[in-house]
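Input: a single structure, listed below in structure tokens.
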Amino acid sequence: MKSRILRNALRGGLAAAVLFSFLGCAGPNIIREQAVPGIPPGKYSHIIRLYNPEGEPERSLAGLVISTGSATVCSDYPREIIIKSLDELPLMEKKAFPYFNNYVIRDKDEIVGYVSLQIGYRTVIWRTAKDPACAYRAQIVLPDHVWLSGKHHDADQSGINW
């Protein structure tokens with residue numbers, strides 16, 4: 001009986017130690033999201049253009065990930081194109097861009113980049129010390145669409161719900 005209690009206590013202690021080590025490793029690597037009213041004009045070293053997965057022409061821009069040059073900022077978004085300037089955006093995207101949610105990537109007191117996303121999209125910014133080619137990674141979280149929940153607007157619900 002005592003050996004069973006001791007064994008369960010050791011297992012619980014080991015599980016707690018592993019959990020706390022994961023929390024300790026993951027916590028400092030996430031950079032807190034800081035909203036800004038807009039992205040200041042200027043010359044940037046690296047701009048990633050993110051496409052909307054729905055692919056409609058009017059909503060083709062999902063967002064931008066901008067690196068100021070002091071460090072490299074990457075994205076995990078599946079559809080992206082690197083552009084040199086914000087002037088390369090098509091007219092419809094230039095008009096939609098001011099209405100996006102904007103976030104600054106600030107590590108300590110240094111601004112390393114910006115993220116600008118459509119309303120509904122979210123981001124988690126990670127510091128990746130192990131990858132020098134990508135010092136910061138913007139993980140893009142897709143919005144919760146109605147079609148993901150199984151509720152289709154024009155579909156007969158009896159045919160798709162089993």
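Labeling convention for the structure tokens: chains A, B, ... as they appear, residues from 1 per chain, ligands from 1 in order of appearance.
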
List every residue of segment 20-112 of chain A that DSSP, applied to the backbone of this structure, places in strand (DSSP E), and write the result as JSON, numbers by chain.
{"A": [30, 31, 34, 35, 36, 46, 47, 48, 49, 50, 51, 61, 62, 63, 64, 65, 66, 67, 73, 74, 75, 80, 81, 82, 83, 101, 102, 103, 104, 105, 106, 107, 110, 111, 112]}

Would you mind listing what lies within 10 Å of segment 120-127 of chain A as an MDAnalysis selection string, with only C-alpha atoms counted and same-chain residues fewer than 2 positions away left out?
chainID A and resid 26:33 62:63 73:75 100:101 103:107 115:118 129:131 134:145

Store the residues picked out above in a file with N, CA, C and O atoms, as a short mmCIF file (atom, residue, chain, number, x, y, z; two decimals), in the first residue's frame.
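To be explicit, this is the file written out as result-v3.cif:
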```cif
data_model
loop_
_atom_site.label_atom_id
_atom_site.label_comp_id
_atom_site.auth_asym_id
_atom_site.auth_seq_id
_atom_site.Cartn_x
_atom_site.Cartn_y
_atom_site.Cartn_z
N ALA A 26 8.02 28.05 -22.49
CA ALA A 26 7.16 28.69 -23.47
C ALA A 26 6.83 30.13 -23.09
O ALA A 26 6.64 30.96 -23.95
N GLY A 27 6.77 30.45 -21.84
CA GLY A 27 6.33 31.76 -21.40
C GLY A 27 7.18 32.91 -21.93
O GLY A 27 6.66 33.83 -22.54
N PRO A 28 8.48 32.93 -21.72
CA PRO A 28 9.27 34.07 -22.15
C PRO A 28 9.40 34.20 -23.67
O PRO A 28 9.81 35.24 -24.15
N ASN A 29 9.08 33.18 -24.44
CA ASN A 29 9.25 33.24 -25.89
C ASN A 29 8.09 33.92 -26.60
O ASN A 29 8.20 34.24 -27.76
N ILE A 30 6.97 34.13 -25.92
CA ILE A 30 5.83 34.80 -26.53
C ILE A 30 5.95 36.29 -26.24
O ILE A 30 6.16 36.71 -25.12
N ILE A 31 5.79 37.09 -27.29
CA ILE A 31 5.84 38.55 -27.14
C ILE A 31 4.41 39.06 -27.07
O ILE A 31 3.57 38.70 -27.91
N ARG A 32 4.14 39.87 -26.08
CA ARG A 32 2.79 40.39 -25.87
C ARG A 32 2.35 41.25 -27.05
O ARG A 32 3.10 42.08 -27.56
N GLU A 33 1.10 41.05 -27.46
CA GLU A 33 0.52 41.78 -28.57
C GLU A 33 0.23 43.22 -28.15
O GLU A 33 -0.42 43.45 -27.13
N ALA A 62 -5.17 39.20 -46.59
CA ALA A 62 -5.46 38.82 -45.20
C ALA A 62 -4.67 39.68 -44.25
O ALA A 62 -5.09 39.91 -43.12
N GLY A 63 -3.52 40.16 -44.68
CA GLY A 63 -2.72 41.01 -43.81
C GLY A 63 -1.31 41.18 -44.32
O GLY A 63 -0.95 40.68 -45.39
N VAL A 73 11.56 38.99 -39.34
CA VAL A 73 10.24 38.57 -38.89
C VAL A 73 9.66 37.68 -39.97
O VAL A 73 9.64 38.05 -41.15
N CYS A 74 9.22 36.48 -39.59
CA CYS A 74 8.65 35.52 -40.53
C CYS A 74 7.19 35.27 -40.17
O CYS A 74 6.71 35.72 -39.15
N SER A 75 6.54 34.50 -41.00
CA SER A 75 5.14 34.15 -40.79
C SER A 75 4.97 32.66 -41.05
O SER A 75 5.74 32.05 -41.78
N PHE A 100 -7.51 47.67 -41.18
CA PHE A 100 -7.02 46.45 -40.54
C PHE A 100 -6.64 46.73 -39.09
O PHE A 100 -6.42 47.87 -38.70
N ASN A 101 -6.53 45.66 -38.31
CA ASN A 101 -5.99 45.75 -36.95
C ASN A 101 -4.47 45.73 -37.05
O ASN A 101 -3.91 44.86 -37.73
N TYR A 103 -0.61 45.77 -35.16
CA TYR A 103 0.12 45.42 -33.94
C TYR A 103 1.61 45.68 -34.17
O TYR A 103 2.12 45.48 -35.27
N VAL A 104 2.28 46.11 -33.14
CA VAL A 104 3.71 46.33 -33.21
C VAL A 104 4.41 45.12 -32.59
O VAL A 104 3.92 44.52 -31.64
N ILE A 105 5.53 44.73 -33.18
CA ILE A 105 6.37 43.67 -32.62
C ILE A 105 7.51 44.39 -31.92
O ILE A 105 8.43 44.88 -32.55
N ARG A 106 7.39 44.47 -30.61
CA ARG A 106 8.36 45.21 -29.80
C ARG A 106 8.99 44.25 -28.81
O ARG A 106 8.30 43.62 -28.02
N ASP A 107 10.30 44.16 -28.87
CA ASP A 107 11.02 43.31 -27.93
C ASP A 107 11.87 44.23 -27.07
O ASP A 107 12.79 44.88 -27.56
N VAL A 115 2.57 43.90 -37.58
CA VAL A 115 1.63 42.95 -38.17
C VAL A 115 0.31 43.69 -38.37
O VAL A 115 -0.18 44.34 -37.46
N SER A 116 -0.24 43.60 -39.57
CA SER A 116 -1.51 44.23 -39.89
C SER A 116 -2.42 43.14 -40.44
O SER A 116 -2.08 42.49 -41.43
N LEU A 117 -3.57 42.92 -39.78
CA LEU A 117 -4.45 41.81 -40.14
C LEU A 117 -5.89 42.27 -40.31
O LEU A 117 -6.32 43.23 -39.65
N GLN A 118 -6.63 41.55 -41.15
CA GLN A 118 -8.06 41.79 -41.29
C GLN A 118 -8.75 41.55 -39.96
O GLN A 118 -8.25 40.80 -39.11
N ALA A 129 14.93 32.01 -30.82
CA ALA A 129 16.37 32.19 -30.70
C ALA A 129 17.14 31.09 -31.44
O ALA A 129 18.29 31.28 -31.82
N LYS A 130 16.51 29.95 -31.67
CA LYS A 130 17.19 28.83 -32.31
C LYS A 130 17.30 28.99 -33.83
O LYS A 130 18.08 28.30 -34.46
N ASP A 131 16.51 29.88 -34.42
CA ASP A 131 16.50 30.05 -35.86
C ASP A 131 16.97 31.47 -36.21
O ASP A 131 16.19 32.41 -36.17
N CYS A 134 15.10 33.55 -38.89
CA CYS A 134 13.77 34.01 -38.53
C CYS A 134 13.74 34.25 -37.01
O CYS A 134 13.34 33.39 -36.24
N ALA A 135 14.19 35.43 -36.60
CA ALA A 135 14.31 35.72 -35.17
C ALA A 135 12.96 35.84 -34.49
O ALA A 135 12.81 35.53 -33.31
N TYR A 136 11.92 36.28 -35.23
CA TYR A 136 10.57 36.42 -34.70
C TYR A 136 9.60 35.78 -35.68
O TYR A 136 9.73 35.95 -36.89
N ARG A 137 8.65 35.06 -35.16
CA ARG A 137 7.65 34.39 -36.00
C ARG A 137 6.27 34.86 -35.62
O ARG A 137 5.88 34.80 -34.46
N ALA A 138 5.52 35.34 -36.61
CA ALA A 138 4.13 35.75 -36.41
C ALA A 138 3.24 34.56 -36.80
O ALA A 138 3.14 34.21 -37.96
N GLN A 139 2.65 33.95 -35.79
CA GLN A 139 1.74 32.83 -36.03
C GLN A 139 0.36 33.43 -36.25
O GLN A 139 -0.20 34.09 -35.38
N ILE A 140 -0.20 33.21 -37.44
CA ILE A 140 -1.49 33.78 -37.81
C ILE A 140 -2.58 32.79 -37.46
O ILE A 140 -2.55 31.63 -37.88
N VAL A 141 -3.57 33.24 -36.69
CA VAL A 141 -4.70 32.40 -36.28
C VAL A 141 -5.89 32.80 -37.14
O VAL A 141 -6.32 33.96 -37.11
N LEU A 142 -6.40 31.85 -37.91
CA LEU A 142 -7.50 32.13 -38.82
C LEU A 142 -8.78 32.41 -38.04
O LEU A 142 -8.98 31.90 -36.95
N PRO A 143 -9.67 33.23 -38.62
CA PRO A 143 -10.92 33.55 -37.92
C PRO A 143 -11.85 32.33 -37.89
O PRO A 143 -11.74 31.42 -38.71
N ASP A 144 -12.77 32.35 -36.94
CA ASP A 144 -13.78 31.29 -36.85
C ASP A 144 -14.92 31.66 -37.78
O ASP A 144 -15.74 32.52 -37.47
N HIS A 145 -14.93 31.00 -38.95
CA HIS A 145 -15.98 31.27 -39.93
C HIS A 145 -17.19 30.39 -39.66
O HIS A 145 -17.10 29.36 -39.00
#
```

Quick one: distance from atom CA of Ile48 of chain A to atom CA of Leu64 of chain A in Å, one decimal?
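We find that atom CA of Ile48 of chain A and atom CA of Leu64 of chain A lie 5.6 Å from each other.
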
Computed interatomic separation between atom CA of Ser60 of chain A and atom CA of Thr128 of chain A (Å)
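Answer for the atom CA of Ser60 of chain A to atom CA of Thr128 of chain A separation: 28.8 Å.
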
Smallest atom-to-atom distance to Ile83 of chain A: which of A:Ser70, A:Ile39, A:Ile47, A:Ile119, using only C-alpha atoms?
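Looking only at the distances to Ile83 of chain A, the closest residue turns out to be A:Ile47.
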
Quote the spacing between atom CA of Ser67 of chain A and atom CA of Ser45 of chain A in Å to one decimal place.
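Result for atom CA of Ser67 of chain A versus atom CA of Ser45 of chain A: 5.9 Å, one decimal.
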